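Engineer: One structure, pasted below without further comment.
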Amino acid sequence: MKKLLSIVMMMSMILTACSTGKVNEESSNVKNSNVKSDAVSVSQQDDSLQKIIDKGTIKVGLSADYPPYEFMANVDGKPQISGSDITMAEYIADEIGVKVEYQDMDFKNLIGSLSSGQIDLVISGLSPTPEREKAINLSDLYFQSFSSAVTLDSGTISSENDLEGKNIAVQMGSIQEEYANTIKNANVVSLSTTTDCLNQLKAKKVDAMILGGVVAENYVKNVDGLKLAVEISDQEEGLCIGIKKGNDSLTEKINNIIKKIKEEKLYDKWLVDANELAEESTVD
C-alpha cells in the first residue's frame with residue numbers, strides 16, 4: 001500500500017513539473033511575441049520629422065509671385081525671395097533646428113513636387129480644398145483672408161453679378177480659379193503667375209483678375225491704375241502648409257509650431273513687415 005502511494009505521489013509530481021514547464025514555455029512564447037510586435041510597430045512608425053532633423057535642411061516649395069506672402073524683392077541691392085510666408089518658413093526651420101532651402105516654381109507644380117519628394121513643404125499661400133486633402137497632408141490654418149476682384153480704374157465692375165460674362169484672369173491651380181469657373185458665362189483665363197494676370201489686365205485683355213484679398217490689396221497699393229472692384233466675402237482664403245501624404249510626425253510638429261505662431265500673433269507682424277518691403281522694393 002505504501003509502495004502504491006509512493007508511485008501515485010511520484011506520478012503527480014512528474015505531471016505537475018510537465019504542466020509548469022508547458023506554462024512557462026507558453027508564457028515565454030507570448031513575451032517573445034509581444035517583443036516582436038513592438039519591434040514591428042517601431043519599424044513602421046513614421047520618421048519623417050527625424051529624417052529632416054538628420055538631414056539638417058528642410059526644402060520649401062513656393063511660387064514667388066504672390067506678394068506680400070512670397071515675392072522677389074531688392075534686399076541690399078540683390079534680388080531675394082521675401083515675404084511673410086518666407087519669414088514663417090525661417091521660423092519653422094529654426095524651431096525644428098535645421099536650415100531652410102527654397103525651390104521656386106509655378107504654383108501648379110507644387111503639389112506634384114511635394115508628392116514626389118522633391119520638396120518637404122509647400123508654403124505658398126496654399127488654401128485647403130477636398131482635392132488637396134486627398135493628395136497631401138494639410139496643416140492647421142495659419143492665416144485667414146478672402147478673395148477680391150481687381151480691375152483697372154476705368155473698369156465698371158462693382159459687384160459679383162457684374163463678373164458674369166466677363167474675361168477673368170486667375171492663377172492656375174488656385175482656389176480663385178475654382179471660383180471663377182462657377183461664374184456664369186465667364187471666360188476664365190488661367191495663367192501661371194499673378195504677374196501674368198496683372199499684365200493681361202494692364203493690356204486690357206481681361207476685364208478683371210481675382211486674387212487673394214491681401215495680394216489684391218498689395219497690387220492696388222503698389223501698381224498705378226488699379227482698384228479693388230469686388231470683395232468676394234463668401235470665398236474665404238484660409239492658408240495652410242502642405243506636407244507629403246503620410247508624413248504625420250512632421251505634420252504634428254508643424255501644427256505645434258503654427259499654434260505657437262497664432263498664440264503669439266507672429267504672422268500678423270510678419271505680414272505688416274512684408275507689406276512694407278513689397279511697397280519699397282518689389283522686383284518685376
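Naming scheme: A, B, ... for chains in displayed order of the C-alpha cells; residues 1 onward per chain; ligands 1 onward as shown.
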Determine, counting only C-alpha atoms, which protein, DNA and RNA residues have an atom within 12 Å of an atom of range 249-257 of chain A; residues of the same chain fewer than 5 positions away are not included. Present the result as a short mmCIF file (atom, residue, chain, number, x, y, z; two decimals) with N, CA, C and O atoms, in the first residue's frame.
Structural biologist:
data_model
loop_
_atom_site.label_atom_id
_atom_site.label_comp_id
_atom_site.auth_asym_id
_atom_site.auth_seq_id
_atom_site.Cartn_x
_atom_site.Cartn_y
_atom_site.Cartn_z
N GLN A 45 6.77 52.97 -37.57
CA GLN A 45 6.48 54.32 -37.10
C GLN A 45 7.00 55.36 -38.09
O GLN A 45 8.10 55.23 -38.62
N ASP A 46 6.20 56.42 -38.34
CA ASP A 46 6.61 57.48 -39.26
C ASP A 46 7.82 58.23 -38.71
O ASP A 46 7.82 58.67 -37.56
N ASP A 47 8.85 58.36 -39.53
CA ASP A 47 10.08 59.03 -39.09
C ASP A 47 10.40 60.26 -39.96
O ASP A 47 11.55 60.65 -40.09
N SER A 48 9.35 60.85 -40.55
CA SER A 48 9.58 61.98 -41.46
C SER A 48 10.24 63.17 -40.77
O SER A 48 11.10 63.83 -41.35
N LEU A 49 9.84 63.45 -39.53
CA LEU A 49 10.46 64.56 -38.80
C LEU A 49 11.92 64.26 -38.50
O LEU A 49 12.79 65.12 -38.69
N GLN A 50 12.20 63.05 -38.06
CA GLN A 50 13.57 62.67 -37.73
C GLN A 50 14.47 62.73 -38.95
O GLN A 50 15.64 63.13 -38.86
N LYS A 51 13.94 62.36 -40.11
CA LYS A 51 14.73 62.42 -41.35
C LYS A 51 15.12 63.86 -41.67
O LYS A 51 16.24 64.11 -42.12
N ILE A 52 14.21 64.80 -41.44
CA ILE A 52 14.51 66.21 -41.66
C ILE A 52 15.62 66.66 -40.71
O ILE A 52 16.56 67.35 -41.11
N ILE A 53 15.49 66.27 -39.45
CA ILE A 53 16.49 66.64 -38.45
C ILE A 53 17.85 66.06 -38.81
O ILE A 53 18.87 66.74 -38.75
N ILE A 58 15.44 71.62 -44.51
CA ILE A 58 14.06 71.38 -44.92
C ILE A 58 13.82 72.16 -46.21
O ILE A 58 14.12 73.35 -46.29
N MET A 88 7.98 83.02 -42.03
CA MET A 88 7.43 81.88 -41.30
C MET A 88 8.24 80.61 -41.56
O MET A 88 8.49 79.82 -40.64
N ALA A 89 8.65 80.40 -42.81
CA ALA A 89 9.46 79.22 -43.13
C ALA A 89 10.77 79.23 -42.36
O ALA A 89 11.21 78.19 -41.85
N GLU A 90 11.39 80.40 -42.24
CA GLU A 90 12.62 80.52 -41.47
C GLU A 90 12.37 80.21 -39.99
O GLU A 90 13.18 79.55 -39.34
N TYR A 91 11.24 80.68 -39.50
CA TYR A 91 10.87 80.43 -38.09
C TYR A 91 10.66 78.94 -37.85
O TYR A 91 11.13 78.38 -36.85
N ILE A 92 9.96 78.28 -38.77
CA ILE A 92 9.71 76.84 -38.65
C ILE A 92 11.02 76.06 -38.65
O ILE A 92 11.23 75.16 -37.83
N ALA A 93 11.91 76.40 -39.58
CA ALA A 93 13.20 75.72 -39.66
C ALA A 93 13.99 75.90 -38.36
O ALA A 93 14.60 74.95 -37.86
N ASP A 94 13.93 77.10 -37.82
CA ASP A 94 14.65 77.38 -36.56
C ASP A 94 14.06 76.57 -35.41
O ASP A 94 14.80 76.06 -34.56
N GLU A 95 12.74 76.45 -35.38
CA GLU A 95 12.08 75.68 -34.33
C GLU A 95 12.44 74.19 -34.41
O GLU A 95 12.56 73.50 -33.40
N ILE A 96 12.61 73.68 -35.63
CA ILE A 96 12.98 72.29 -35.81
C ILE A 96 14.48 72.09 -35.58
O ILE A 96 14.92 71.01 -35.18
N GLY A 97 15.24 73.16 -35.82
CA GLY A 97 16.69 73.09 -35.63
C GLY A 97 17.45 72.73 -36.90
O GLY A 97 18.49 72.08 -36.84
N ASP A 120 9.91 69.26 -49.17
CA ASP A 120 9.35 68.75 -47.91
C ASP A 120 8.06 69.45 -47.51
O ASP A 120 7.20 68.85 -46.87
N LEU A 121 7.96 70.72 -47.88
CA LEU A 121 6.79 71.53 -47.52
C LEU A 121 6.38 72.42 -48.68
O LEU A 121 7.23 72.82 -49.48
N VAL A 122 5.10 72.73 -48.76
CA VAL A 122 4.61 73.80 -49.63
C VAL A 122 4.16 74.94 -48.72
O VAL A 122 3.24 74.78 -47.92
N ILE A 123 4.85 76.07 -48.83
CA ILE A 123 4.46 77.28 -48.10
C ILE A 123 4.34 78.37 -49.16
O ILE A 123 5.32 79.02 -49.52
N ILE A 136 -2.41 65.23 -50.23
CA ILE A 136 -1.31 65.56 -49.32
C ILE A 136 -1.84 65.78 -47.91
O ILE A 136 -3.05 65.90 -47.71
N ASN A 137 -0.94 65.86 -46.94
CA ASN A 137 -1.31 66.31 -45.59
C ASN A 137 -1.41 67.83 -45.59
O ASN A 137 -0.57 68.51 -46.20
N LEU A 138 -2.41 68.36 -44.92
CA LEU A 138 -2.57 69.80 -44.79
C LEU A 138 -2.48 70.19 -43.32
O LEU A 138 -3.10 69.55 -42.46
N SER A 139 -1.73 71.23 -43.04
CA SER A 139 -1.59 71.69 -41.66
C SER A 139 -2.83 72.44 -41.22
O SER A 139 -3.75 72.70 -42.01
N ASP A 140 -2.85 72.83 -39.96
CA ASP A 140 -3.86 73.76 -39.48
C ASP A 140 -3.68 75.10 -40.19
O ASP A 140 -2.58 75.42 -40.68
N LEU A 141 -4.74 75.90 -40.22
CA LEU A 141 -4.64 77.22 -40.85
C LEU A 141 -3.74 78.14 -40.02
O LEU A 141 -3.80 78.14 -38.80
N TYR A 142 -2.91 78.91 -40.72
CA TYR A 142 -2.09 79.90 -40.01
C TYR A 142 -2.53 81.33 -40.30
O TYR A 142 -2.10 82.27 -39.64
N CYS A 240 -2.71 77.37 -45.36
CA CYS A 240 -2.14 76.26 -44.62
C CYS A 240 -0.83 75.84 -45.27
O CYS A 240 -0.44 76.37 -46.32
N ILE A 241 -0.15 74.89 -44.67
CA ILE A 241 1.11 74.35 -45.20
C ILE A 241 0.85 72.95 -45.73
O ILE A 241 0.13 72.16 -45.12
N GLY A 242 1.42 72.64 -46.88
CA GLY A 242 1.29 71.31 -47.46
C GLY A 242 2.47 70.43 -47.06
O GLY A 242 3.62 70.87 -47.09
N ILE A 243 2.15 69.19 -46.67
CA ILE A 243 3.17 68.21 -46.28
C ILE A 243 2.88 66.91 -47.04
O ILE A 243 1.71 66.60 -47.30
N LYS A 244 3.89 66.16 -47.37
CA LYS A 244 3.70 64.93 -48.12
C LYS A 244 2.75 63.98 -47.37
O LYS A 244 2.81 63.87 -46.15
N LYS A 262 0.29 81.45 -33.83
CA LYS A 262 -1.02 82.08 -33.67
C LYS A 262 -1.20 82.64 -32.26
O LYS A 262 -1.74 83.74 -32.08
N GLU A 263 -0.73 81.91 -31.27
CA GLU A 263 -0.84 82.38 -29.89
C GLU A 263 -0.08 83.68 -29.67
O GLU A 263 -0.53 84.57 -28.95
N GLU A 264 1.08 83.79 -30.32
CA GLU A 264 1.91 84.99 -30.15
C GLU A 264 1.65 86.05 -31.23
O GLU A 264 2.34 87.08 -31.26
N LEU A 266 2.35 86.18 -34.31
CA LEU A 266 3.57 86.49 -35.06
C LEU A 266 3.29 86.76 -36.54
O LEU A 266 3.90 87.64 -37.14
N TYR A 267 2.35 86.00 -37.11
CA TYR A 267 2.13 86.15 -38.55
C TYR A 267 1.59 87.54 -38.90
O TYR A 267 1.94 88.09 -39.95
#
Engineer: Which of range 107-201 of chain A end up as alpha helix (DSSP H) when DSSP is run on this backbone - answer as a ChimeraX atom specification?
Structural biologist: /A:110-115,130-135,175-180,194-201
Engineer: Give me a file of those residues, with N, CA and C atoms, as a PDB file, in the first residue's frame.
Structural biologist:
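Here's the written file result-v9.pdb:
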ATOM      1  N   LEU A 110       3.497  72.612 -57.539  1.00  0.00           N
ATOM      2  CA  LEU A 110       3.919  72.441 -56.146  1.00  0.00           C
ATOM      3  C   LEU A 110       3.449  71.117 -55.543  1.00  0.00           C
ATOM      4  N   ILE A 111       2.190  70.763 -55.749  1.00  0.00           N
ATOM      5  CA  ILE A 111       1.645  69.546 -55.138  1.00  0.00           C
ATOM      6  C   ILE A 111       2.368  68.309 -55.672  1.00  0.00           C
ATOM      7  N   GLY A 112       2.603  68.275 -56.977  1.00  0.00           N
ATOM      8  CA  GLY A 112       3.320  67.150 -57.574  1.00  0.00           C
ATOM      9  C   GLY A 112       4.740  67.031 -57.056  1.00  0.00           C
ATOM     10  N   SER A 113       5.411  68.158 -56.895  1.00  0.00           N
ATOM     11  CA  SER A 113       6.783  68.149 -56.386  1.00  0.00           C
ATOM     12  C   SER A 113       6.823  67.683 -54.934  1.00  0.00           C
ATOM     13  N   LEU A 114       5.795  68.017 -54.175  1.00  0.00           N
ATOM     14  CA  LEU A 114       5.703  67.569 -52.785  1.00  0.00           C
ATOM     15  C   LEU A 114       5.483  66.056 -52.730  1.00  0.00           C
ATOM     16  N   SER A 115       4.568  65.565 -53.528  1.00  0.00           N
ATOM     17  CA  SER A 115       4.247  64.136 -53.536  1.00  0.00           C
ATOM     18  C   SER A 115       5.424  63.282 -53.988  1.00  0.00           C
ATOM     19  N   PRO A 130     -10.841  69.954 -50.686  1.00  0.00           N
ATOM     20  CA  PRO A 130     -11.019  68.498 -50.569  1.00  0.00           C
ATOM     21  C   PRO A 130     -10.056  67.712 -51.458  1.00  0.00           C
ATOM     22  N   GLU A 131      -9.789  68.225 -52.653  1.00  0.00           N
ATOM     23  CA  GLU A 131      -8.875  67.531 -53.575  1.00  0.00           C
ATOM     24  C   GLU A 131      -7.453  67.514 -53.026  1.00  0.00           C
ATOM     25  N   ARG A 132      -7.015  68.631 -52.485  1.00  0.00           N
ATOM     26  CA  ARG A 132      -5.662  68.693 -51.922  1.00  0.00           C
ATOM     27  C   ARG A 132      -5.548  67.817 -50.683  1.00  0.00           C
ATOM     28  N   GLU A 133      -6.614  67.769 -49.893  1.00  0.00           N
ATOM     29  CA  GLU A 133      -6.590  66.954 -48.683  1.00  0.00           C
ATOM     30  C   GLU A 133      -6.453  65.467 -49.008  1.00  0.00           C
ATOM     31  N   LYS A 134      -6.965  65.061 -50.160  1.00  0.00           N
ATOM     32  CA  LYS A 134      -6.814  63.665 -50.580  1.00  0.00           C
ATOM     33  C   LYS A 134      -5.387  63.370 -51.032  1.00  0.00           C
ATOM     34  N   ALA A 135      -4.725  64.371 -51.588  1.00  0.00           N
ATOM     35  CA  ALA A 135      -3.405  64.160 -52.186  1.00  0.00           C
ATOM     36  C   ALA A 135      -2.252  64.331 -51.205  1.00  0.00           C
ATOM     37  N   ILE A 175      -7.559  78.547 -55.624  1.00  0.00           N
ATOM     38  CA  ILE A 175      -8.979  78.456 -55.309  1.00  0.00           C
ATOM     39  C   ILE A 175      -9.755  79.551 -56.036  1.00  0.00           C
ATOM     40  N   GLN A 176      -9.074  80.624 -56.426  1.00  0.00           N
ATOM     41  CA  GLN A 176      -9.729  81.670 -57.210  1.00  0.00           C
ATOM     42  C   GLN A 176     -10.094  81.149 -58.605  1.00  0.00           C
ATOM     43  N   GLU A 177      -9.276  80.260 -59.140  1.00  0.00           N
ATOM     44  CA  GLU A 177      -9.603  79.635 -60.425  1.00  0.00           C
ATOM     45  C   GLU A 177     -10.879  78.803 -60.298  1.00  0.00           C
ATOM     46  N   GLU A 178     -10.974  78.037 -59.202  1.00  0.00           N
ATOM     47  CA  GLU A 178     -12.170  77.226 -58.958  1.00  0.00           C
ATOM     48  C   GLU A 178     -13.412  78.114 -58.872  1.00  0.00           C
ATOM     49  N   TYR A 179     -13.280  79.219 -58.141  1.00  0.00           N
ATOM     50  CA  TYR A 179     -14.412  80.140 -58.002  1.00  0.00           C
ATOM     51  C   TYR A 179     -14.807  80.743 -59.345  1.00  0.00           C
ATOM     52  N   ALA A 180     -13.815  81.209 -60.101  1.00  0.00           N
ATOM     53  CA  ALA A 180     -14.092  81.860 -61.387  1.00  0.00           C
ATOM     54  C   ALA A 180     -14.832  80.929 -62.339  1.00  0.00           C
ATOM     55  N   THR A 194       0.624  85.356 -60.855  1.00  0.00           N
ATOM     56  CA  THR A 194      -0.221  86.537 -60.666  1.00  0.00           C
ATOM     57  C   THR A 194       0.323  87.724 -61.464  1.00  0.00           C
ATOM     58  N   THR A 195       1.624  87.708 -61.704  1.00  0.00           N
ATOM     59  CA  THR A 195       2.223  88.751 -62.550  1.00  0.00           C
ATOM     60  C   THR A 195       1.663  88.668 -63.963  1.00  0.00           C
ATOM     61  N   ASP A 196       1.487  87.448 -64.458  1.00  0.00           N
ATOM     62  CA  ASP A 196       0.870  87.262 -65.781  1.00  0.00           C
ATOM     63  C   ASP A 196      -0.559  87.801 -65.781  1.00  0.00           C
ATOM     64  N   CYS A 197      -1.280  87.567 -64.689  1.00  0.00           N
ATOM     65  CA  CYS A 197      -2.649  88.083 -64.568  1.00  0.00           C
ATOM     66  C   CYS A 197      -2.646  89.605 -64.634  1.00  0.00           C
ATOM     67  N   LEU A 198      -1.729  90.211 -63.902  1.00  0.00           N
ATOM     68  CA  LEU A 198      -1.619  91.667 -63.886  1.00  0.00           C
ATOM     69  C   LEU A 198      -1.322  92.206 -65.283  1.00  0.00           C
ATOM     70  N   ASN A 199      -0.400  91.574 -65.990  1.00  0.00           N
ATOM     71  CA  ASN A 199      -0.037  92.034 -67.340  1.00  0.00           C
ATOM     72  C   ASN A 199      -1.215  91.929 -68.301  1.00  0.00           C
ATOM     73  N   GLN A 200      -2.019  90.863 -68.166  1.00  0.00           N
ATOM     74  CA  GLN A 200      -3.202  90.718 -69.018  1.00  0.00           C
ATOM     75  C   GLN A 200      -4.226  91.819 -68.723  1.00  0.00           C
ATOM     76  N   LEU A 201      -4.347  92.171 -67.444  1.00  0.00           N
ATOM     77  CA  LEU A 201      -5.285  93.231 -67.069  1.00  0.00           C
ATOM     78  C   LEU A 201      -4.813  94.588 -67.582  1.00  0.00           C
TER      79      LEU A 201
END
Engineer: Where in range 30-276 of chain A does DSSP assign strand (DSSP E or B), given as a ChimeraX atom specification?
Structural biologist: /A:57-62,65-66,70-75,78-82,99-104,121-126,137-138,143-152,167-171,187-191,208-212,226-243
Engineer: Near Met172 in chain A, within 6 Å and counting only C-alpha atoms, which residues show up once chain neighbours fewer than 6 positions away are dropped, as an mmCIF file with C-alpha atoms, in the first residue's frame?
Structural biologist:
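Written out: selection_19.cif:
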data_model
loop_
_atom_site.group_PDB
_atom_site.id
_atom_site.type_symbol
_atom_site.label_atom_id
_atom_site.label_comp_id
_atom_site.auth_asym_id
_atom_site.auth_seq_id
_atom_site.Cartn_x
_atom_site.Cartn_y
_atom_site.Cartn_z
ATOM 1 C CA SER A 190 -5.806 80.636 -66.202
ATOM 2 C CA LEU A 191 -2.187 81.788 -66.050
ATOM 3 C CA SER A 192 0.978 80.541 -64.351
#
Engineer: Need to verify the contact set: Lys269 in chain A, 12 Å, only C-alpha atoms, exclusion of same-chain residues closer than 4 positions in sequence. Can you return it as a ChimeraX atom specification?
Structural biologist: /A:83-85,87-88,143,261-262,264-265,273-276
Engineer: Quick one: of A:Asp104, A:Asp207, A:Glu70, A:Asp153, who's nearest to Lys166 in chain A, counting only C-alpha atoms?
Structural biologist: A:Asp207
Engineer: Just the residues within 6 Å of Ser63 in chain A, please, counting only C-alpha atoms, with nothing from its chain fewer than 6 positions along; format it as a ChimeraX atom specification.
Structural biologist: /A:104-107
Engineer: Can I get the selection written as a PDB file, in the first residue's frame, with all heavy atoms?
Structural biologist:
ATOM      1  N   ASP A 104      11.734  77.647 -56.032  1.00  0.00           N
ATOM      2  CA  ASP A 104      10.724  78.494 -56.658  1.00  0.00           C
ATOM      3  C   ASP A 104      10.238  77.828 -57.944  1.00  0.00           C
ATOM      4  O   ASP A 104      11.039  77.419 -58.787  1.00  0.00           O
ATOM      5  CB  ASP A 104      11.345  79.869 -56.955  1.00  0.00           C
ATOM      6  CG  ASP A 104      10.325  80.877 -57.450  1.00  0.00           C
ATOM      7  OD1 ASP A 104       9.114  80.616 -57.334  1.00  0.00           O
ATOM      8  OD2 ASP A 104      10.753  81.937 -57.964  1.00  0.00           O
ATOM      9  N   MET A 105       8.915  77.692 -58.102  1.00  0.00           N
ATOM     10  CA  MET A 105       8.355  77.032 -59.289  1.00  0.00           C
ATOM     11  C   MET A 105       6.942  77.532 -59.519  1.00  0.00           C
ATOM     12  O   MET A 105       6.372  78.250 -58.689  1.00  0.00           O
ATOM     13  CB  MET A 105       8.357  75.514 -59.095  1.00  0.00           C
ATOM     14  CG  MET A 105       7.490  75.015 -57.943  1.00  0.00           C
ATOM     15  SD  MET A 105       7.643  73.239 -57.638  1.00  0.00           S
ATOM     16  CE  MET A 105       9.251  73.177 -56.800  1.00  0.00           C
ATOM     17  N   ASP A 106       6.363  77.160 -60.660  1.00  0.00           N
ATOM     18  CA  ASP A 106       4.967  77.511 -60.923  1.00  0.00           C
ATOM     19  C   ASP A 106       4.077  76.885 -59.857  1.00  0.00           C
ATOM     20  O   ASP A 106       4.292  75.741 -59.442  1.00  0.00           O
ATOM     21  CB  ASP A 106       4.529  77.003 -62.303  1.00  0.00           C
ATOM     22  CG  ASP A 106       5.082  77.851 -63.435  1.00  0.00           C
ATOM     23  OD1 ASP A 106       5.676  78.916 -63.149  1.00  0.00           O
ATOM     24  OD2 ASP A 106       4.935  77.442 -64.608  1.00  0.00           O
ATOM     25  N   PHE A 107       3.069  77.625 -59.456  1.00  0.00           N
ATOM     26  CA  PHE A 107       2.170  77.163 -58.390  1.00  0.00           C
ATOM     27  C   PHE A 107       1.557  75.805 -58.718  1.00  0.00           C
ATOM     28  O   PHE A 107       1.419  74.945 -57.842  1.00  0.00           O
ATOM     29  CB  PHE A 107       1.070  78.213 -58.176  1.00  0.00           C
ATOM     30  CG  PHE A 107       0.192  77.938 -56.989  1.00  0.00           C
ATOM     31  CD1 PHE A 107       0.580  78.299 -55.714  1.00  0.00           C
ATOM     32  CD2 PHE A 107      -1.041  77.298 -57.154  1.00  0.00           C
ATOM     33  CE1 PHE A 107      -0.230  78.055 -54.618  1.00  0.00           C
ATOM     34  CE2 PHE A 107      -1.857  77.043 -56.065  1.00  0.00           C
ATOM     35  CZ  PHE A 107      -1.456  77.420 -54.794  1.00  0.00           C
TER      36      PHE A 107
END
Engineer: Record the distance separating CA of Pro79 in chain A and CA of Tyr66 in chain A, expressed in Å with one decimal.
Structural biologist: 15.3 Å
